[in-house]
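Written below as structure tokens is the structure these notes are about.
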Amino acid sequence: MRSGTLARLAVAGLLLAATAACGGSGGDAADGKVELRFTWWGSDIRHQATQKAIEAFQKANPNIVVKGEYGEWNGYWDKLATTVAANDAPDIIQMDERYLREYADRGALLDLKTQKDLQTADFEPASLGAGDVDGKLYGLNAGVNAYSILANPSLFEAAGVKMPDDTKWTWEEYAKIAAQITEKSSGGVFGSQAYGNDEAGLSVWARQHGEALYTPDGKLGVTAPTVTSWYQQLLDLQKAKALPSADATTQDMIAPLDQSMLATNKVAMGYWWSNQLNAVSKASGKEMKLLRLPSVTGKSTENGNYYKGSMFWSVSSRSEHPAEAAKFVNFLANTTEAGDIILSDRGVQPNLKVRAAITDKLPPAEQAAQAYIEDIADELGTVPTAPPPGGGGAQKILQRYTQDVLFERQTPAQAAEGFLKELGSEIAG
Amino acid sequence: MTIRTALKHVALGATILIMLYPVIWMVVSSLRPGDEIFREPGLLITDLEIENYTLGWNALGHPFSHYLMNSALVVLGAIVGNLVSCSMAAYAFARLEFIGKKFWFAIMLMTIMLPIHVLIVPQYVMFSEVGWVNTFLPLVVPKLLATDAFFVFLMVQFIRGIPRELDEAARIDGCGRARIFLRVILPLMVPALATTAIFTFIWTWNDFFSQLIYLTDPEMYTVPIALRSFVDATSSTSWGSLFAMSVVSLAPVFLAFLVGQRFLIKGIATTGGK
Amino acid sequence: MSAISELSTLSKTRAEPARRENLAAYLFLAPWLVGLVLITVGPMLASLYLAFTDYNLLEAPTWIGVENFTRMFADERLHNSLRVTFIYVLVSVPLQLALALLLAVVLDRGLRGMAFYRSVFYLPSLLGSSVAIAILWRQVFGGEGLINHVLGWLGVAGRSWIADPESALWTLVTLNVWTFGAPMVIFLAGLRQIPRMYYEAAAVDGAGPLRRFANITMPLLTPIIFFNLVLQIIHAFQAFTQAFVVSGGTGGPSDSTMFYTLYLYERGFGKFDMGYASAMAWVLLVIIAVFTAGNFVASKYWVHYDD
């Protein structure tokens with residue numbers, strides 16, 4: 001008995017020691033230089049570009065050494081959680097909107113507004129909101145994105161269907177066009193990919209109906225009838241053969257970008273983030289086009305869209321060198337030197353001056369994505385709040401209910417209720 | 001007889017073809033231009049593309065040989081550790097009578113029943129307290145201390161299959177336990193040792209999770225981490241490079257197996273037995 | 001339990017050799033014991049402690065008693081993951097072991113080029129946990145995969161087998177059976193340990209190959225079969241990597257491949273609920289322990305040791 005209690009205390013002590021103070025991250029190199037650890041996820045192309053940016057920064061700041069630690073998406077989050085738990089987090093962290101508040105609300109991230117070395121004066125104002133939690137800036141936008149439809153004009157043409165005027169189109173028009181393409185295409189081409197893969201789609205639908213996925217105080221803001229109507233429309237689309245079969249859609253959800261139905265020219269439209277235009281075009285060998293999301297009213301100013309941060313720069317609250325870390329983030333975000341290297345790899349540059357300076361250096365598809373982001377600037381609604389803690393699981397929950405609807409294992413109403421209940425308990429707990 | 005042998009070869013060959021389709025497809029894909037990989041379902045190569053190999057080799061911060069070397073170091077340490085420490089523990093469990101034997105054996109089995117995902121955080125805290133994070137020590141030292149209970153159990157089963165008369169005879173000749181272990185038991189359990197060495201090689205070579213967690217600096221990355229650095233589900237992935245480097249990383253394990261499996265054959269059956 | 005009974009049988013009057021054997025045994029066990037105390041036990045106890053806490057990884061754990069365990073009764077996804085895992089264990093383990101044993105016996109001796117065949121049959125297992133397996137499995141069982149091409153020749157319309165909730169689990173069972181290399185190698189090593197003179201004696205007695213297999217190979221191989229059975233069951237209960245990689249980390253479609261460990265991982269790392277995940281891990285430990293203990297009890301009736 002006694003030894004059991006002792007062991008428990010010892011273990012608890014160890015974890016407490018790790019989670020409480022005593023700062024573990026960072027450190028100083030032997031020669032008096034400040035050493036920063038910087039972690040990000042991505043593919044080999046991003047690793048190379050980011051490494052180059054690090055070198056440029058070190059050249060300008062010889063007293064700071066930045067060690068890059070990179071990895072792939074899934075492992076990235078396991079590792080980050082583990083290192084934060086052990087009080088061994090990297091100083092600079094590439095952050096995703098889904099996890100921003102998960103970490104920020106639990107005190108793992110630094111309020112960037114406290115750092116005078118970090119400027120945001122040249123930033124697109126609409127791009128700063130998403131990293132802002134209760135007036136504190138926990139994540140600096142590293143790239144601007146918008147949820148959109150990517151269309152393959154060559155498949156429209158092959159089917160003899162005209163591209164829509166995306167500033168005016170409604171969901172009815174979208175459904176009609178998609179069904180037409182399926183009907184008039186040969187070789188198993190379908191009109192559109194299904195939505196319901198990303199909670200951004202539901203978020204936009206909610207905003208079109210005067211609601212929001214989450215309320216500013218971190219509760220569920222969308223109602224069951226709204227989710228039901230969204231799922232009902234999806235099911236109707238599938239029954240009208242505007243979408244591929246349920247199993248094809250499900251496989252598409254977990255397929256890597258280059259193997260998706262859009263990138264393999266099997267659907268004419270799909271729901272994507274605007275910064276994926278270039279990658280999809282490259283993979284498919286066809287020039288894709290970005291379309292605004294359809295709306296209920298037929299006015300693109302009312303389609304509920306918003307700027308999302310494709311990713312964020314965050315600094316660990318336990319960093320021993322917050323000033324140097326902020327300086328590095330400032331270099332990445334605000335200098336054309338870094339902009340020239342990173343270009344639009346992380347999304348459209350949120351710093352307007354950097355954006356203007358690098359436009360000519362972008363490949364055509366990236367320029368088109370940037371032009372699209374600028375075109376919709378005047379149509380956007382308010383910036384939605386970052387998802388509350390627990391919101392990181394929303395996508396997987398949504399995908400599961402979408403699959404149940406498409407396979408007709410649940411009715412739209414059942415799925416809507418189940419989804420809201422599950423997500424609700426997730427963000428409450 | 002020769003017809004039967006030929007038939008046997010045909011049957012084995014056919015089984016291999018079916019079973020190896022995915023493997024062959026991967027090798028073929030590694031030799032195709034990137035945009036063709038997912039458009040061509042067949043296995044025929046129209047134009048050979050070795051660029052995947054040269055590109056993949058240099059795609060990450062270091063040439064791929066760097067990650068191969070790191071993996072080799074970890075694997076080597078793990079093999080030595082497992083062979084020495086697990087065989088000692090197994091001998092005690094299989095042949096010696098001692099207080100608390102069943103208790104310790106049950107504890108040992110219990111240690112393989114917990115999923116790593118709930119152990120990794122406390123383990124990381126522990127290793128980070130002693131400053132071992134971003135070294136190979138958290139990956140190698142546990143093996144030196146026989147924490148891979150799988151192999152202890154494996155060897156126990158093998159030692160129990162060795163006729164006890166053999167150690168009795170050695171004991172009558174005046175051998176101590178250490179000498180019985182070294183002179184009698186170890187030579188007779190070569191197949192088990194070979195199995196341990198091969199599995200340790202393969203599992204350590206492929207082990208992603210603990211290497212991911214403990215190695216933070218790309219300088220220290222091993223093959224599984226390097227391979228995953230090619231993949232980005234939200235953007236385009238260089239599949240050609242990924243497959244090419246997968247083939248490259250498969251080669252050493254395959255060779256290790258080809259060599260190691262010769263020792264599997266050296267059991268009692270060939271050394272003569274009693 | 002048995003430690004106490006053994007303690008009681010040890011009286012001081014017992015012969016000196018028993019004490020020396022004790023000492024020798026603990027010397028041989030020393031590395032393992034050190035590892036157990038320094039490396040294994042700490043984290044295990046930590047996870048046991050965490051099972052009774054609310055622990056989100058980022059803040060210090062708070063004690064909540066048995067709440068994590070009571071929550072499990074209402075957790076339908078947990079019940080589903082148990083169901084999926086049991087089907088997986090009960091179907092894939094016997095199939096995999098049967099295939100491994102069959103090929104081990106075929107590949108044991110006789111043919112030229114066996115070394116090559118043995119190595120080639122191991123290849124799938126080398127790939128089994130690699131990142132590439134996700135793509136390869138889609139290449140076989142996906143909508144455009146090999147299976148559907150073959151079905152197409154036969155005029156049957158296929159579907160995406162990995163994306164249909166009815167069939168996805170079975171593709172993973174196939175994947176587990178496909179990676180039969182490890183038990184096969186252990187069987188091979190076991191076969192090699194059977195003294196050849198037994199077979200020679202049996203041949204002299206006029207026993208045919210089947211009788212030799214039934215009367216010599218099987219009984220003498222039972223310790224190894226037992227080992228494989230125990231370990232593969234433990235292994236299958238903890239199945240993670242393959243399902244994780246093939247389903248893109250989702251356990252989908254519709255949770256149809258949501259194995260217990262996958263769900264545990266999702267709670268722990270995906271939803272920052274490490275307290276609940278730890279509780280789940282200890283429940284799994286109890287389940288596995290019951291199966292293993294059952295195996296050990298049953299083994300008294302069918303496993304033959306030479307000692």
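Chain identifiers are assigned as A, B, and so on, following the order in which chains appear in the structure tokens; residues are numbered from 1 within each chain, and ligands are numbered from 1 in order of appearance.
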Distance filter 7 Å, only C-alpha atoms, chain C against chain A, as number ranges by chain: C: 46, 49, 57-60, 143, 159-160, 163-164, 247-248, 250, 253-254, 269-271
Just N, CA, C and O atoms for this one: save the residues we selected as a PDB file, in the first residue's frame.
ATOM      1  N   ALA C  46       3.102   5.348 -14.242  1.00  0.00           N
ATOM      2  CA  ALA C  46       2.629   6.683 -14.611  1.00  0.00           C
ATOM      3  C   ALA C  46       1.323   6.580 -15.373  1.00  0.00           C
ATOM      4  O   ALA C  46       0.365   7.309 -15.099  1.00  0.00           O
ATOM      5  N   TYR C  49      -1.455   5.703 -13.069  1.00  0.00           N
ATOM      6  CA  TYR C  49      -1.879   6.900 -12.318  1.00  0.00           C
ATOM      7  C   TYR C  49      -2.725   7.810 -13.214  1.00  0.00           C
ATOM      8  O   TYR C  49      -3.799   8.279 -12.817  1.00  0.00           O
ATOM      9  N   LEU C  57      -2.384  16.595 -21.463  1.00  0.00           N
ATOM     10  CA  LEU C  57      -1.012  16.645 -21.967  1.00  0.00           C
ATOM     11  C   LEU C  57      -0.355  18.007 -21.765  1.00  0.00           C
ATOM     12  O   LEU C  57       0.843  18.102 -21.563  1.00  0.00           O
ATOM     13  N   LEU C  58      -1.156  19.075 -21.851  1.00  0.00           N
ATOM     14  CA  LEU C  58      -0.548  20.397 -21.821  1.00  0.00           C
ATOM     15  C   LEU C  58      -0.565  21.000 -20.422  1.00  0.00           C
ATOM     16  O   LEU C  58       0.208  21.892 -20.109  1.00  0.00           O
ATOM     17  N   GLU C  59      -1.475  20.522 -19.584  1.00  0.00           N
ATOM     18  CA  GLU C  59      -1.520  20.999 -18.213  1.00  0.00           C
ATOM     19  C   GLU C  59      -1.323  19.808 -17.274  1.00  0.00           C
ATOM     20  O   GLU C  59      -1.506  18.662 -17.673  1.00  0.00           O
ATOM     21  N   ALA C  60      -0.982  20.091 -16.010  1.00  0.00           N
ATOM     22  CA  ALA C  60      -0.748  19.011 -15.056  1.00  0.00           C
ATOM     23  C   ALA C  60      -2.023  18.208 -14.854  1.00  0.00           C
ATOM     24  O   ALA C  60      -3.127  18.740 -14.924  1.00  0.00           O
ATOM     25  N   GLY C 143     -10.982   1.568 -55.617  1.00  0.00           N
ATOM     26  CA  GLY C 143     -11.955   1.558 -56.701  1.00  0.00           C
ATOM     27  C   GLY C 143     -11.339   1.210 -58.048  1.00  0.00           C
ATOM     28  O   GLY C 143     -11.958   0.567 -58.885  1.00  0.00           O
ATOM     29  N   ARG C 159     -16.302  -2.268 -56.432  1.00  0.00           N
ATOM     30  CA  ARG C 159     -16.456  -1.006 -55.715  1.00  0.00           C
ATOM     31  C   ARG C 159     -15.155  -0.782 -54.978  1.00  0.00           C
ATOM     32  O   ARG C 159     -14.256  -1.626 -55.038  1.00  0.00           O
ATOM     33  N   SER C 160     -15.061   0.303 -54.269  1.00  0.00           N
ATOM     34  CA  SER C 160     -13.844   0.517 -53.507  1.00  0.00           C
ATOM     35  C   SER C 160     -13.932  -0.281 -52.208  1.00  0.00           C
ATOM     36  O   SER C 160     -14.686   0.052 -51.316  1.00  0.00           O
ATOM     37  N   ALA C 163     -13.062   1.494 -48.997  1.00  0.00           N
ATOM     38  CA  ALA C 163     -13.878   2.640 -48.613  1.00  0.00           C
ATOM     39  C   ALA C 163     -15.294   2.249 -48.264  1.00  0.00           C
ATOM     40  O   ALA C 163     -16.098   3.081 -47.865  1.00  0.00           O
ATOM     41  N   ASP C 164     -15.621   0.976 -48.404  1.00  0.00           N
ATOM     42  CA  ASP C 164     -16.978   0.537 -48.072  1.00  0.00           C
ATOM     43  C   ASP C 164     -16.972  -0.004 -46.644  1.00  0.00           C
ATOM     44  O   ASP C 164     -16.186  -0.892 -46.319  1.00  0.00           O
ATOM     45  N   SER C 247      -6.195   3.721 -43.370  1.00  0.00           N
ATOM     46  CA  SER C 247      -7.387   4.574 -43.280  1.00  0.00           C
ATOM     47  C   SER C 247      -7.012   6.044 -43.136  1.00  0.00           C
ATOM     48  O   SER C 247      -7.862   6.872 -42.834  1.00  0.00           O
ATOM     49  N   GLY C 248      -5.752   6.361 -43.346  1.00  0.00           N
ATOM     50  CA  GLY C 248      -5.337   7.751 -43.217  1.00  0.00           C
ATOM     51  C   GLY C 248      -5.521   8.275 -41.802  1.00  0.00           C
ATOM     52  O   GLY C 248      -5.773   9.449 -41.578  1.00  0.00           O
ATOM     53  N   THR C 250      -7.935   7.622 -39.753  1.00  0.00           N
ATOM     54  CA  THR C 250      -9.310   7.911 -39.342  1.00  0.00           C
ATOM     55  C   THR C 250     -10.020   6.711 -38.738  1.00  0.00           C
ATOM     56  O   THR C 250     -11.015   6.874 -38.042  1.00  0.00           O
ATOM     57  N   PRO C 253     -13.842   3.713 -43.198  1.00  0.00           N
ATOM     58  CA  PRO C 253     -15.063   4.502 -43.243  1.00  0.00           C
ATOM     59  C   PRO C 253     -16.049   4.157 -42.121  1.00  0.00           C
ATOM     60  O   PRO C 253     -16.152   2.992 -41.759  1.00  0.00           O
ATOM     61  N   SER C 254     -16.731   5.173 -41.652  1.00  0.00           N
ATOM     62  CA  SER C 254     -17.745   5.013 -40.609  1.00  0.00           C
ATOM     63  C   SER C 254     -17.260   4.171 -39.431  1.00  0.00           C
ATOM     64  O   SER C 254     -17.983   3.322 -38.933  1.00  0.00           O
ATOM     65  N   PHE C 269      -3.997  11.482 -28.278  1.00  0.00           N
ATOM     66  CA  PHE C 269      -3.240  12.503 -28.989  1.00  0.00           C
ATOM     67  C   PHE C 269      -4.123  13.414 -29.832  1.00  0.00           C
ATOM     68  O   PHE C 269      -3.848  14.593 -29.966  1.00  0.00           O
ATOM     69  N   GLY C 270      -5.194  12.862 -30.420  1.00  0.00           N
ATOM     70  CA  GLY C 270      -6.042  13.676 -31.280  1.00  0.00           C
ATOM     71  C   GLY C 270      -6.952  14.590 -30.476  1.00  0.00           C
ATOM     72  O   GLY C 270      -7.229  15.718 -30.867  1.00  0.00           O
ATOM     73  N   LYS C 271      -7.432  14.102 -29.339  1.00  0.00           N
ATOM     74  CA  LYS C 271      -8.396  14.874 -28.561  1.00  0.00           C
ATOM     75  C   LYS C 271      -7.857  15.275 -27.208  1.00  0.00           C
ATOM     76  O   LYS C 271      -8.605  15.690 -26.334  1.00  0.00           O
TER      77      LYS C 271
END
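In this structure, the chain C residues at most 6 Å away from chain B are Ala3, Asn22, Ala25, Phe28, Leu29, Pro31, Trp32, Gly35, Pro43, Ser119, Leu136, Ala189, Arg192, Gln193, Pro195, Arg196, Pro223, Ser278, Leu285, Asp306 and Asp307 of chain C, with only C-alpha atoms considered.
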Print the selection's residues with N, CA and C atoms to a file, as a PDB file, in the first residue's frame.
ATOM      1  N   ALA C   3       4.425 -16.395  -6.061  1.00  0.00           N
ATOM      2  CA  ALA C   3       5.634 -15.996  -5.352  1.00  0.00           C
ATOM      3  C   ALA C   3       5.518 -16.362  -3.885  1.00  0.00           C
ATOM      4  N   ASN C  22      19.440 -19.692  -6.903  1.00  0.00           N
ATOM      5  CA  ASN C  22      18.745 -18.414  -6.798  1.00  0.00           C
ATOM      6  C   ASN C  22      19.622 -17.255  -7.206  1.00  0.00           C
ATOM      7  N   ALA C  25      20.356 -17.287 -10.866  1.00  0.00           N
ATOM      8  CA  ALA C  25      19.204 -16.863 -11.648  1.00  0.00           C
ATOM      9  C   ALA C  25      19.080 -15.347 -11.642  1.00  0.00           C
ATOM     10  N   PHE C  28      21.597 -13.740 -13.851  1.00  0.00           N
ATOM     11  CA  PHE C  28      21.216 -13.797 -15.265  1.00  0.00           C
ATOM     12  C   PHE C  28      20.080 -12.824 -15.566  1.00  0.00           C
ATOM     13  N   LEU C  29      19.227 -12.626 -14.582  1.00  0.00           N
ATOM     14  CA  LEU C  29      18.085 -11.733 -14.793  1.00  0.00           C
ATOM     15  C   LEU C  29      18.452 -10.263 -14.610  1.00  0.00           C
ATOM     16  N   PRO C  31      20.200  -7.766 -15.980  1.00  0.00           N
ATOM     17  CA  PRO C  31      19.937  -6.691 -16.954  1.00  0.00           C
ATOM     18  C   PRO C  31      18.436  -6.442 -17.114  1.00  0.00           C
ATOM     19  N   TRP C  32      17.682  -7.541 -17.197  1.00  0.00           N
ATOM     20  CA  TRP C  32      16.243  -7.385 -17.384  1.00  0.00           C
ATOM     21  C   TRP C  32      15.607  -6.676 -16.190  1.00  0.00           C
ATOM     22  N   GLY C  35      16.369  -3.032 -16.264  1.00  0.00           N
ATOM     23  CA  GLY C  35      15.534  -2.401 -17.277  1.00  0.00           C
ATOM     24  C   GLY C  35      14.107  -2.255 -16.804  1.00  0.00           C
ATOM     25  N   PRO C  43       7.130   4.353 -16.399  1.00  0.00           N
ATOM     26  CA  PRO C  43       6.073   4.772 -17.323  1.00  0.00           C
ATOM     27  C   PRO C  43       4.781   3.972 -17.171  1.00  0.00           C
ATOM     28  N   SER C 119      13.014 -15.938 -48.318  1.00  0.00           N
ATOM     29  CA  SER C 119      13.229 -14.494 -48.251  1.00  0.00           C
ATOM     30  C   SER C 119      12.113 -13.741 -48.955  1.00  0.00           C
ATOM     31  N   LEU C 136      -0.142   1.172 -51.675  1.00  0.00           N
ATOM     32  CA  LEU C 136      -0.166  -0.166 -52.261  1.00  0.00           C
ATOM     33  C   LEU C 136      -1.517  -0.843 -52.021  1.00  0.00           C
ATOM     34  N   ALA C 189      12.328 -21.714 -37.591  1.00  0.00           N
ATOM     35  CA  ALA C 189      13.368 -21.939 -36.602  1.00  0.00           C
ATOM     36  C   ALA C 189      12.983 -23.101 -35.702  1.00  0.00           C
ATOM     37  N   ARG C 192      13.486 -26.452 -37.332  1.00  0.00           N
ATOM     38  CA  ARG C 192      14.897 -26.789 -37.404  1.00  0.00           C
ATOM     39  C   ARG C 192      15.415 -27.376 -36.102  1.00  0.00           C
ATOM     40  N   GLN C 193      14.682 -27.145 -35.048  1.00  0.00           N
ATOM     41  CA  GLN C 193      15.171 -27.604 -33.753  1.00  0.00           C
ATOM     42  C   GLN C 193      14.749 -29.044 -33.470  1.00  0.00           C
ATOM     43  N   PRO C 195      15.087 -32.708 -33.625  1.00  0.00           N
ATOM     44  CA  PRO C 195      16.184 -33.603 -33.998  1.00  0.00           C
ATOM     45  C   PRO C 195      15.774 -34.507 -35.153  1.00  0.00           C
ATOM     46  N   ARG C 196      16.662 -34.591 -36.127  1.00  0.00           N
ATOM     47  CA  ARG C 196      16.326 -35.335 -37.342  1.00  0.00           C
ATOM     48  C   ARG C 196      16.184 -36.829 -37.064  1.00  0.00           C
ATOM     49  N   PRO C 223       5.441 -25.990 -28.422  1.00  0.00           N
ATOM     50  CA  PRO C 223       5.876 -24.797 -27.676  1.00  0.00           C
ATOM     51  C   PRO C 223       5.947 -23.566 -28.573  1.00  0.00           C
ATOM     52  N   SER C 278      -5.269   6.436 -21.159  1.00  0.00           N
ATOM     53  CA  SER C 278      -4.541   5.569 -20.237  1.00  0.00           C
ATOM     54  C   SER C 278      -5.477   4.566 -19.596  1.00  0.00           C
ATOM     55  N   LEU C 285      -5.170  -4.000 -21.281  1.00  0.00           N
ATOM     56  CA  LEU C 285      -4.221  -4.893 -20.617  1.00  0.00           C
ATOM     57  C   LEU C 285      -4.958  -6.021 -19.907  1.00  0.00           C
ATOM     58  N   ASP C 306      10.063 -30.514 -23.601  1.00  0.00           N
ATOM     59  CA  ASP C 306      10.997 -31.615 -23.465  1.00  0.00           C
ATOM     60  C   ASP C 306      11.480 -31.755 -22.025  1.00  0.00           C
ATOM     61  N   ASP C 307      11.347 -30.683 -21.262  1.00  0.00           N
ATOM     62  CA  ASP C 307      11.834 -30.802 -19.883  1.00  0.00           C
ATOM     63  C   ASP C 307      10.756 -31.366 -18.984  1.00  0.00           C
TER      64      ASP C 307
END
Just the strand (DSSP E) stuff from region 29-167 of chain C, please, per backbone DSSP, written as a PyMOL selection string. chain C and resi 53-54+62-63
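For region 153-165 of chain A, the set of protein, DNA and RNA residues having any atom at most 8 Å away, when counting only C-alpha atoms and skipping those fewer than 2 positions along the same chain, is Ala151, Thr167, Lys168, Trp169, Ile177, Gln180, Ile181, Lys184, Ser185, Asn265, Val267, Ala268, Lys286, Glu287, Met288 and Lys289 of chain A.
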For the residues in that selection, give me N, CA, C and O atoms as an mmCIF file, in the first residue's frame.
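Wrote result_4.cif, looks like this:
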data_model
loop_
_atom_site.group_PDB
_atom_site.id
_atom_site.type_symbol
_atom_site.label_atom_id
_atom_site.label_comp_id
_atom_site.auth_asym_id
_atom_site.auth_seq_id
_atom_site.Cartn_x
_atom_site.Cartn_y
_atom_site.Cartn_z
ATOM 1 N N ALA A 151 -12.466 24.047 -60.167
ATOM 2 C CA ALA A 151 -13.153 23.468 -61.315
ATOM 3 C C ALA A 151 -12.156 23.128 -62.411
ATOM 4 O O ALA A 151 -11.130 23.789 -62.561
ATOM 5 N N THR A 167 -20.071 34.688 -59.291
ATOM 6 C CA THR A 167 -20.474 35.767 -58.387
ATOM 7 C C THR A 167 -21.977 35.725 -58.145
ATOM 8 O O THR A 167 -22.484 36.381 -57.257
ATOM 9 N N LYS A 168 -22.671 34.934 -58.948
ATOM 10 C CA LYS A 168 -24.134 34.954 -58.847
ATOM 11 C C LYS A 168 -24.750 33.598 -58.583
ATOM 12 O O LYS A 168 -25.946 33.486 -58.405
ATOM 13 N N TRP A 169 -23.949 32.530 -58.608
ATOM 14 C CA TRP A 169 -24.621 31.221 -58.626
ATOM 15 C C TRP A 169 -25.158 30.770 -57.272
ATOM 16 O O TRP A 169 -24.632 31.105 -56.225
ATOM 17 N N ILE A 177 -25.832 22.098 -62.670
ATOM 18 C CA ILE A 177 -24.614 21.993 -63.488
ATOM 19 C C ILE A 177 -23.913 20.662 -63.240
ATOM 20 O O ILE A 177 -23.513 19.961 -64.170
ATOM 21 N N GLN A 180 -25.701 17.806 -64.780
ATOM 22 C CA GLN A 180 -25.567 17.862 -66.247
ATOM 23 C C GLN A 180 -24.229 17.290 -66.705
ATOM 24 O O GLN A 180 -24.161 16.554 -67.680
ATOM 25 N N ILE A 181 -23.171 17.668 -65.976
ATOM 26 C CA ILE A 181 -21.844 17.206 -66.387
ATOM 27 C C ILE A 181 -21.779 15.678 -66.310
ATOM 28 O O ILE A 181 -21.288 15.022 -67.226
ATOM 29 N N LYS A 184 -23.692 14.246 -69.273
ATOM 30 C CA LYS A 184 -23.165 14.437 -70.628
ATOM 31 C C LYS A 184 -21.714 14.001 -70.790
ATOM 32 O O LYS A 184 -21.185 14.084 -71.896
ATOM 33 N N SER A 185 -21.085 13.554 -69.701
ATOM 34 C CA SER A 185 -19.693 13.133 -69.818
ATOM 35 C C SER A 185 -19.612 11.648 -70.095
ATOM 36 O O SER A 185 -20.497 10.885 -69.741
ATOM 37 N N ASN A 265 -8.733 13.818 -62.759
ATOM 38 C CA ASN A 265 -9.682 14.176 -63.819
ATOM 39 C C ASN A 265 -10.933 13.310 -63.861
ATOM 40 O O ASN A 265 -11.420 12.954 -64.927
ATOM 41 N N VAL A 267 -13.659 14.101 -61.668
ATOM 42 C CA VAL A 267 -14.772 14.989 -61.340
ATOM 43 C C VAL A 267 -14.443 16.382 -61.888
ATOM 44 O O VAL A 267 -13.263 16.726 -62.036
ATOM 45 N N ALA A 268 -15.492 17.136 -62.167
ATOM 46 C CA ALA A 268 -15.263 18.446 -62.766
ATOM 47 C C ALA A 268 -15.120 19.542 -61.717
ATOM 48 O O ALA A 268 -14.561 20.601 -61.991
ATOM 49 N N LYS A 286 -4.019 19.538 -65.908
ATOM 50 C CA LYS A 286 -4.997 20.472 -66.480
ATOM 51 C C LYS A 286 -4.977 21.780 -65.680
ATOM 52 O O LYS A 286 -4.704 21.779 -64.482
ATOM 53 N N GLU A 287 -5.295 22.873 -66.358
ATOM 54 C CA GLU A 287 -5.324 24.144 -65.661
ATOM 55 C C GLU A 287 -6.657 24.297 -64.927
ATOM 56 O O GLU A 287 -7.704 24.427 -65.547
ATOM 57 N N MET A 288 -6.611 24.249 -63.600
ATOM 58 C CA MET A 288 -7.840 24.350 -62.825
ATOM 59 C C MET A 288 -8.214 25.820 -62.638
ATOM 60 O O MET A 288 -7.375 26.702 -62.753
ATOM 61 N N LYS A 289 -9.496 26.014 -62.281
ATOM 62 C CA LYS A 289 -9.947 27.380 -62.051
ATOM 63 C C LYS A 289 -10.641 27.464 -60.703
ATOM 64 O O LYS A 289 -11.390 26.574 -60.331
#
Neighbour list for region 348-365 of chain A as a list of chain:residue names, cut-off 8 Å, only C-alpha atoms, skip fewer than 6 positions in-chain: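 Skipping anything fewer than 6 positions along the chain leaves A:Thr120, A:Asp122, A:Phe123, A:Glu124, A:Ser127, A:Asn141, A:Ala142, A:Gly143, A:Val144, A:Asn145, A:Asn275, A:Leu277, A:Asn278, A:Ser281, A:Glu287, A:Ala333, A:Asn334, A:Thr335, A:Thr336, A:Gly339, A:Asp340, A:Ile373.
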Any chance you can output those residues with C-alpha atoms as a PDB file, in the first residue's frame?
ATOM      1  CA  THR A 120       1.979  43.425 -38.149  1.00  0.00           C
ATOM      2  CA  ASP A 122       1.676  45.716 -43.242  1.00  0.00           C
ATOM      3  CA  PHE A 123      -0.625  42.766 -42.728  1.00  0.00           C
ATOM      4  CA  GLU A 124      -3.958  42.404 -44.428  1.00  0.00           C
ATOM      5  CA  SER A 127      -5.879  37.931 -41.914  1.00  0.00           C
ATOM      6  CA  ASN A 141      -1.003  34.179 -40.108  1.00  0.00           C
ATOM      7  CA  ALA A 142       1.589  32.577 -42.379  1.00  0.00           C
ATOM      8  CA  GLY A 143      -0.586  32.359 -45.464  1.00  0.00           C
ATOM      9  CA  VAL A 144      -4.089  33.397 -46.492  1.00  0.00           C
ATOM     10  CA  ASN A 145      -6.543  30.861 -47.770  1.00  0.00           C
ATOM     11  CA  ASN A 275      -3.725  27.602 -52.134  1.00  0.00           C
ATOM     12  CA  LEU A 277      -4.843  25.352 -56.981  1.00  0.00           C
ATOM     13  CA  ASN A 278      -1.260  24.952 -58.148  1.00  0.00           C
ATOM     14  CA  SER A 281      -3.316  21.697 -61.537  1.00  0.00           C
ATOM     15  CA  GLU A 287      -5.324  24.144 -65.661  1.00  0.00           C
ATOM     16  CA  ALA A 333       6.521  37.202 -42.083  1.00  0.00           C
ATOM     17  CA  ASN A 334       7.717  40.677 -42.943  1.00  0.00           C
ATOM     18  CA  THR A 335      10.801  40.570 -45.116  1.00  0.00           C
ATOM     19  CA  THR A 336      10.863  40.235 -48.880  1.00  0.00           C
ATOM     20  CA  GLY A 339       9.172  36.055 -49.052  1.00  0.00           C
ATOM     21  CA  ASP A 340      11.410  35.511 -52.065  1.00  0.00           C
ATOM     22  CA  ILE A 373      -7.901  35.953 -52.791  1.00  0.00           C
TER      23      ILE A 373
END
